[in-house]
Amino acid sequence: MEILIRDSAEIGCILGAKIIARVIREKPDAVLGLATGRTPLLLYQELIRLHRDEGLDFSRVTTFNLDEYIGLAGTHVQSYRYFMRENFFRHINIDPQRTHVPDGTAANLHAECRGYEQRILDAGGIDIQLLGLGRNGHIGFNEPTGSLRSRTWIKILSEQTLRDNSAVFGSFDAMPKHALTMGIGTILDARRCLLLAFGPAKVRAVEHMVEGPLAAICPGSALQLHPRATVILDENSSAGLHYADHYRWIDSQKLDWQRNG
Ligand code: GLP
């Protein structure tokens, strides 16, 4: 796991956007795995800026989002499909047909999960998977104790996640309690993973993900198995790490070709 600690979430997001932009420049038909939540918003804004000011071309890019609430159509303002359209897709030159988000209204949700896996395979697999981290260590909507080898599946959201995300729904009761999400096995199949975690609320989850045991109780810790996982943190989210000086040292000694962005 490559740990990059930056002074602020903004600087971390700009670095994350640079990493993704480089993937697209090297492979114009790249397949991106995308995430929702507050964390990647600035990263999307930076990618939009790179598109507008520096001609970053999304015309041949394909995307697969991690997850979607069950029961919310893509027109619902709290759906992740809507989030992606408003915060990213409508600002860049991506072909909407190439953007994939699990369908939380599918009549047969199990078939939707199988079909989603197949569509990822048919696209040639994911080149880089963007991830956030839940306060309880979840990635996508893979909540604690979910199988580390899971494929796209239906998950019940934890009370912690419902509390954390319910503000935008107005109330806990108004929020869907179930979601479709790529499994942890699906995420680990991406050729590269890029996880962002910022702010003091993520300290414990970051500590377990990076330095704790590989354990289903912290789904993010599965990234310890990934051959090419980059984690971008800020001063706040990295405050609980015991080996922060080591990560900074490694970062400072990189050869030019090993540097990101
Ligand atoms: C949500 C999403 C995750 C996201 C996480 C953190 O529930 N399903 O993909 O990474 O929770 O959200 P935030 O970035 O808002 O802290």
# chains A, B, ... in the order shown; residues from 1 in each chain; ligands from 1
call {"tool": "select_by_dssp", "arguments": {"residues": "range 185-232 of chain A", "states": "helix (DSSP H, G or I)", "output": "list in words"}}
result
Gly185, Thr186, Ile187, Leu188, Pro200, Ala201, Lys202, Val203, Arg204, Ala205, Val206, Glu207, His208, Met209, Val210, Glu211, Pro219, Gly220, Ser221, Ala222, Leu223, Gln224 and Leu225 of chain A
call {"tool": "residues_near_ligand", "arguments": {"ligand": "ligand 1", "cutoff": "9 Å", "atoms": "only C-alpha atoms and all ligand atoms", "output": "count of residues only"}}
result
40
call {"tool": "residues_around", "arguments": {"residues": "Arg163 in chain A", "least_positions_apart": "5", "cutoff": "10 Å", "atoms": "only C-alpha atoms", "output": "list in words"}}
result
Ser158, Ser171, Phe172 and Met175 of chain A
call {"tool": "closest_residue", "arguments": {"among": "A:Ala215, A:Ala21, A:Leu121, A:Ile187", "to": "Pro144 in chain A", "atoms": "only C-alpha atoms"}}
result
A:Ala215
call {"tool": "residues_around", "arguments": {"residues": "Glu117 in chain A", "least_positions_apart": "2", "cutoff": "8 Å", "atoms": "only C-alpha atoms", "output": "list in words"}}
result
Cys113, Arg114, Gly115, Arg119, Ile120, Leu121, Arg151, Thr152 and Thr186 of chain A
call {"tool": "residues_around", "arguments": {"residues": "range 9-18 of chain A", "least_positions_apart": "2", "cutoff": "6 Å", "atoms": "only C-alpha atoms", "output": "JSON, numbers by chain"}}
result
{"A": [6, 20, 21, 42, 43, 47, 198, 234, 261]}
call {"tool": "write_last_selection", "arguments": {"atoms": "N, CA and C atoms", "output": "compact mmCIF listing (two decimals), in the first residue's frame"}}
result
# COMPACT_ATOMS: atom_id res chain seq x y z
N ARG A 6 -0.94 14.34 2.71
CA ARG A 6 -0.85 15.71 2.20
C ARG A 6 -1.43 16.67 3.23
N ILE A 20 -5.52 10.06 -11.93
CA ILE A 20 -6.55 9.57 -12.86
C ILE A 20 -6.33 10.16 -14.26
N ALA A 21 -5.99 11.44 -14.31
CA ALA A 21 -5.76 12.08 -15.61
C ALA A 21 -4.62 11.39 -16.35
N LEU A 42 -14.07 17.28 -4.69
CA LEU A 42 -13.03 18.19 -5.20
C LEU A 42 -12.20 17.53 -6.29
N LEU A 43 -12.05 16.21 -6.18
CA LEU A 43 -11.32 15.48 -7.23
C LEU A 43 -12.08 15.59 -8.55
N LEU A 47 -10.90 17.24 -12.11
CA LEU A 47 -10.94 16.56 -13.42
C LEU A 47 -11.74 17.39 -14.43
N PHE A 198 -10.25 11.72 4.23
CA PHE A 198 -9.86 12.99 4.82
C PHE A 198 -10.68 13.28 6.08
N ASP A 234 -5.08 13.19 4.57
CA ASP A 234 -4.66 14.53 4.98
C ASP A 234 -4.12 14.42 6.41
N GLY A 261 1.35 11.60 -10.34
CA GLY A 261 0.87 12.91 -10.79
C GLY A 261 1.88 13.69 -11.60
call {"tool": "closest_residue", "arguments": {"among": "A:Ile3, A:Val77, A:Ile128, A:Leu255", "to": "Ala190 in chain A", "atoms": "only C-alpha atoms"}}
result
A:Ile128
call {"tool": "residues_around", "arguments": {"residues": "Gly212 in chain A", "least_positions_apart": "4", "cutoff": "8 Å", "atoms": "only C-alpha atoms", "output": "JSON, numbers by chain"}}
result
{"A": [207, 208, 221]}
call {"tool": "residues_around", "arguments": {"residues": "Leu241 in chain A", "least_positions_apart": "3", "cutoff": "12 Å", "atoms": "only C-alpha atoms", "output": "VMD selection string"}}
result
chain A and resid 3 5 202 to 212 233 to 238 244 to 248
call {"tool": "write_last_selection", "arguments": {"atoms": "C-alpha atoms", "output": "mmCIF file, in the first residue's frame"}}
result
data_model
loop_
_atom_site.group_PDB
_atom_site.id
_atom_site.type_symbol
_atom_site.label_atom_id
_atom_site.label_comp_id
_atom_site.auth_asym_id
_atom_site.auth_seq_id
_atom_site.Cartn_x
_atom_site.Cartn_y
_atom_site.Cartn_z
ATOM 1 C CA ILE A 3 0.474 5.974 1.683
ATOM 2 C CA ILE A 5 -0.078 12.186 3.392
ATOM 3 C CA LYS A 202 -11.868 8.773 9.424
ATOM 4 C CA VAL A 203 -8.936 8.400 11.869
ATOM 5 C CA ARG A 204 -9.911 5.002 13.287
ATOM 6 C CA ALA A 205 -10.911 3.528 9.942
ATOM 7 C CA VAL A 206 -7.650 4.719 8.366
ATOM 8 C CA GLU A 207 -5.595 3.311 11.204
ATOM 9 C CA HIS A 208 -7.217 -0.102 10.867
ATOM 10 C CA MET A 209 -7.144 -0.099 7.069
ATOM 11 C CA VAL A 210 -3.434 0.751 6.870
ATOM 12 C CA GLU A 211 -1.896 -0.702 10.020
ATOM 13 C CA GLY A 212 -4.478 -3.053 11.471
ATOM 14 C CA LEU A 233 -4.753 11.105 3.388
ATOM 15 C CA ASP A 234 -4.658 14.527 4.981
ATOM 16 C CA GLU A 235 -3.111 15.521 8.309
ATOM 17 C CA ASN A 236 -6.408 14.886 10.121
ATOM 18 C CA SER A 237 -7.213 11.419 8.814
ATOM 19 C CA SER A 238 -3.609 10.244 9.257
ATOM 20 C CA ALA A 244 3.400 8.179 9.539
ATOM 21 C CA ASP A 245 7.079 9.185 9.557
ATOM 22 C CA HIS A 246 7.918 6.015 7.645
ATOM 23 C CA TYR A 247 5.271 6.767 4.973
ATOM 24 C CA ARG A 248 6.579 10.333 4.635
#
call {"tool": "closest_residue", "arguments": {"among": "A:Arg90, A:Lys155, A:Arg259, A:Arg228", "to": "Gln45 in chain A", "atoms": "only C-alpha atoms"}}
result
A:Arg90
call {"tool": "closest_residue", "arguments": {"among": "A:Val31, A:Thr75, A:Leu56, A:Lys254", "to": "Thr99 in chain A", "atoms": "only C-alpha atoms"}}
result
A:Val31
call {"tool": "select_by_dssp", "arguments": {"residues": "range 1-238 of chain A", "states": "strand (DSSP E)", "output": "PDB file with N, CA and C atoms, in the first residue's frame"}}
result
ATOM      1  N   GLU A   2       0.605   2.132  -0.923  1.00  0.00           N
ATOM      2  CA  GLU A   2       1.359   3.382  -0.966  1.00  0.00           C
ATOM      3  C   GLU A   2       0.572   4.433  -0.192  1.00  0.00           C
ATOM      4  N   ILE A   3       1.182   5.006   0.833  1.00  0.00           N
ATOM      5  CA  ILE A   3       0.474   5.974   1.683  1.00  0.00           C
ATOM      6  C   ILE A   3       1.019   7.365   1.398  1.00  0.00           C
ATOM      7  N   LEU A   4       0.151   8.263   0.962  1.00  0.00           N
ATOM      8  CA  LEU A   4       0.572   9.629   0.651  1.00  0.00           C
ATOM      9  C   LEU A   4      -0.177  10.578   1.577  1.00  0.00           C
ATOM     10  N   ILE A   5       0.554  11.254   2.444  1.00  0.00           N
ATOM     11  CA  ILE A   5      -0.078  12.186   3.392  1.00  0.00           C
ATOM     12  C   ILE A   5       0.148  13.609   2.881  1.00  0.00           C
ATOM     13  N   ARG A   6      -0.942  14.339   2.706  1.00  0.00           N
ATOM     14  CA  ARG A   6      -0.849  15.706   2.195  1.00  0.00           C
ATOM     15  C   ARG A   6      -1.425  16.672   3.228  1.00  0.00           C
ATOM     16  N   VAL A  31     -10.894   2.375 -18.429  1.00  0.00           N
ATOM     17  CA  VAL A  31     -12.114   2.057 -17.673  1.00  0.00           C
ATOM     18  C   VAL A  31     -11.886   2.525 -16.236  1.00  0.00           C
ATOM     19  N   LEU A  32     -12.709   3.479 -15.811  1.00  0.00           N
ATOM     20  CA  LEU A  32     -12.569   4.045 -14.465  1.00  0.00           C
ATOM     21  C   LEU A  32     -13.636   3.472 -13.543  1.00  0.00           C
ATOM     22  N   GLY A  33     -13.245   3.115 -12.337  1.00  0.00           N
ATOM     23  CA  GLY A  33     -14.211   2.784 -11.292  1.00  0.00           C
ATOM     24  C   GLY A  33     -14.395   4.052 -10.465  1.00  0.00           C
ATOM     25  N   LEU A  34     -15.640   4.458 -10.247  1.00  0.00           N
ATOM     26  CA  LEU A  34     -15.875   5.748  -9.582  1.00  0.00           C
ATOM     27  C   LEU A  34     -16.640   5.587  -8.272  1.00  0.00           C
ATOM     28  N   THR A  62     -14.751   4.734 -20.235  1.00  0.00           N
ATOM     29  CA  THR A  62     -15.916   4.022 -19.701  1.00  0.00           C
ATOM     30  C   THR A  62     -15.843   4.089 -18.181  1.00  0.00           C
ATOM     31  N   THR A  63     -16.984   4.210 -17.524  1.00  0.00           N
ATOM     32  CA  THR A  63     -16.970   4.261 -16.052  1.00  0.00           C
ATOM     33  C   THR A  63     -17.942   3.246 -15.446  1.00  0.00           C
ATOM     34  N   PHE A  64     -17.563   2.759 -14.287  1.00  0.00           N
ATOM     35  CA  PHE A  64     -18.434   1.894 -13.475  1.00  0.00           C
ATOM     36  C   PHE A  64     -18.448   2.449 -12.057  1.00  0.00           C
ATOM     37  N   ASN A  65     -19.604   2.813 -11.561  1.00  0.00           N
ATOM     38  CA  ASN A  65     -19.673   3.265 -10.176  1.00  0.00           C
ATOM     39  C   ASN A  65     -19.747   2.093  -9.211  1.00  0.00           C
ATOM     40  N   ASP A  67     -21.581   1.739  -6.417  1.00  0.00           N
ATOM     41  CA  ASP A  67     -22.778   1.327  -5.693  1.00  0.00           C
ATOM     42  C   ASP A  67     -23.988   2.211  -5.992  1.00  0.00           C
ATOM     43  N   GLU A  68     -25.127   1.770  -5.528  1.00  0.00           N
ATOM     44  CA  GLU A  68     -26.375   2.530  -5.680  1.00  0.00           C
ATOM     45  C   GLU A  68     -27.382   2.061  -4.622  1.00  0.00           C
ATOM     46  N   TYR A  69     -28.199   2.987  -4.158  1.00  0.00           N
ATOM     47  CA  TYR A  69     -29.268   2.636  -3.215  1.00  0.00           C
ATOM     48  C   TYR A  69     -30.352   1.821  -3.903  1.00  0.00           C
ATOM     49  N   THR A  99     -21.332   5.230 -19.200  1.00  0.00           N
ATOM     50  CA  THR A  99     -21.303   5.401 -17.743  1.00  0.00           C
ATOM     51  C   THR A  99     -22.239   4.382 -17.108  1.00  0.00           C
ATOM     52  N   HIS A 100     -21.713   3.619 -16.184  1.00  0.00           N
ATOM     53  CA  HIS A 100     -22.503   2.542 -15.575  1.00  0.00           C
ATOM     54  C   HIS A 100     -22.635   2.778 -14.075  1.00  0.00           C
ATOM     55  N   ILE A 128      -8.512   1.753 -13.054  1.00  0.00           N
ATOM     56  CA  ILE A 128      -8.251   2.398 -11.749  1.00  0.00           C
ATOM     57  C   ILE A 128      -9.578   2.592 -11.033  1.00  0.00           C
ATOM     58  N   GLN A 129      -9.633   2.140  -9.797  1.00  0.00           N
ATOM     59  CA  GLN A 129     -10.857   2.219  -8.997  1.00  0.00           C
ATOM     60  C   GLN A 129     -10.684   3.282  -7.927  1.00  0.00           C
ATOM     61  N   LEU A 130     -11.500   4.319  -7.994  1.00  0.00           N
ATOM     62  CA  LEU A 130     -11.502   5.364  -6.973  1.00  0.00           C
ATOM     63  C   LEU A 130     -12.376   4.904  -5.805  1.00  0.00           C
ATOM     64  N   LEU A 131     -11.914   5.156  -4.588  1.00  0.00           N
ATOM     65  CA  LEU A 131     -12.654   4.724  -3.396  1.00  0.00           C
ATOM     66  C   LEU A 131     -12.630   5.802  -2.317  1.00  0.00           C
ATOM     67  N   TRP A 153     -23.129  -7.320  -5.073  1.00  0.00           N
ATOM     68  CA  TRP A 153     -24.178  -7.959  -4.284  1.00  0.00           C
ATOM     69  C   TRP A 153     -25.073  -6.938  -3.592  1.00  0.00           C
ATOM     70  N   ILE A 154     -26.029  -7.469  -2.848  1.00  0.00           N
ATOM     71  CA  ILE A 154     -27.009  -6.636  -2.141  1.00  0.00           C
ATOM     72  C   ILE A 154     -26.570  -6.550  -0.681  1.00  0.00           C
ATOM     73  N   LYS A 155     -26.457  -5.343  -0.156  1.00  0.00           N
ATOM     74  CA  LYS A 155     -26.020  -5.203   1.228  1.00  0.00           C
ATOM     75  C   LYS A 155     -27.030  -4.417   2.057  1.00  0.00           C
ATOM     76  N   ILE A 156     -27.119  -4.802   3.325  1.00  0.00           N
ATOM     77  CA  ILE A 156     -27.911  -4.031   4.289  1.00  0.00           C
ATOM     78  C   ILE A 156     -26.962  -2.986   4.882  1.00  0.00           C
ATOM     79  N   HIS A 178     -30.945  -0.454   2.072  1.00  0.00           N
ATOM     80  CA  HIS A 178     -30.247  -1.482   1.285  1.00  0.00           C
ATOM     81  C   HIS A 178     -29.590  -0.856   0.068  1.00  0.00           C
ATOM     82  N   ALA A 179     -28.550  -1.517  -0.393  1.00  0.00           N
ATOM     83  CA  ALA A 179     -27.843  -1.000  -1.570  1.00  0.00           C
ATOM     84  C   ALA A 179     -27.268  -2.140  -2.393  1.00  0.00           C
ATOM     85  N   LEU A 180     -26.996  -1.833  -3.662  1.00  0.00           N
ATOM     86  CA  LEU A 180     -26.209  -2.730  -4.511  1.00  0.00           C
ATOM     87  C   LEU A 180     -24.794  -2.189  -4.486  1.00  0.00           C
ATOM     88  N   THR A 181     -23.827  -3.049  -4.361  1.00  0.00           N
ATOM     89  CA  THR A 181     -22.441  -2.568  -4.367  1.00  0.00           C
ATOM     90  C   THR A 181     -21.520  -3.586  -5.021  1.00  0.00           C
ATOM     91  N   CYS A 193      -5.977   0.640  -7.377  1.00  0.00           N
ATOM     92  CA  CYS A 193      -6.972   1.236  -6.479  1.00  0.00           C
ATOM     93  C   CYS A 193      -6.437   2.547  -5.936  1.00  0.00           C
ATOM     94  N   LEU A 194      -7.315   3.528  -5.825  1.00  0.00           N
ATOM     95  CA  LEU A 194      -6.946   4.850  -5.320  1.00  0.00           C
ATOM     96  C   LEU A 194      -7.980   5.246  -4.276  1.00  0.00           C
ATOM     97  N   LEU A 195      -7.601   5.188  -3.015  1.00  0.00           N
ATOM     98  CA  LEU A 195      -8.548   5.494  -1.942  1.00  0.00           C
ATOM     99  C   LEU A 195      -8.209   6.840  -1.319  1.00  0.00           C
ATOM    100  N   LEU A 196      -9.235   7.653  -1.117  1.00  0.00           N
ATOM    101  CA  LEU A 196      -9.070   8.950  -0.462  1.00  0.00           C
ATOM    102  C   LEU A 196      -9.810   8.932   0.874  1.00  0.00           C
ATOM    103  N   ALA A 197      -9.189   9.459   1.908  1.00  0.00           N
ATOM    104  CA  ALA A 197      -9.874   9.583   3.205  1.00  0.00           C
ATOM    105  C   ALA A 197      -9.352  10.834   3.896  1.00  0.00           C
ATOM    106  N   ALA A 229      -2.195  -0.391  -4.645  1.00  0.00           N
ATOM    107  CA  ALA A 229      -3.183   0.455  -3.970  1.00  0.00           C
ATOM    108  C   ALA A 229      -2.494   1.717  -3.456  1.00  0.00           C
ATOM    109  N   THR A 230      -3.063   2.867  -3.794  1.00  0.00           N
ATOM    110  CA  THR A 230      -2.561   4.154  -3.312  1.00  0.00           C
ATOM    111  C   THR A 230      -3.608   4.751  -2.384  1.00  0.00           C
ATOM    112  N   VAL A 231      -3.170   5.218  -1.234  1.00  0.00           N
ATOM    113  CA  VAL A 231      -4.077   5.821  -0.257  1.00  0.00           C
ATOM    114  C   VAL A 231      -3.639   7.264  -0.043  1.00  0.00           C
ATOM    115  N   ILE A 232      -4.540   8.201  -0.282  1.00  0.00           N
ATOM    116  CA  ILE A 232      -4.217   9.617  -0.071  1.00  0.00           C
ATOM    117  C   ILE A 232      -4.956  10.116   1.167  1.00  0.00           C
ATOM    118  N   LEU A 233      -4.204  10.650   2.108  1.00  0.00           N
ATOM    119  CA  LEU A 233      -4.753  11.105   3.388  1.00  0.00           C
ATOM    120  C   LEU A 233      -4.413  12.571   3.597  1.00  0.00           C
ATOM    121  N   ASP A 234      -5.085  13.190   4.568  1.00  0.00           N
ATOM    122  CA  ASP A 234      -4.658  14.527   4.981  1.00  0.00           C
ATOM    123  C   ASP A 234      -4.122  14.423   6.410  1.00  0.00           C
TER     124      ASP A 234
END
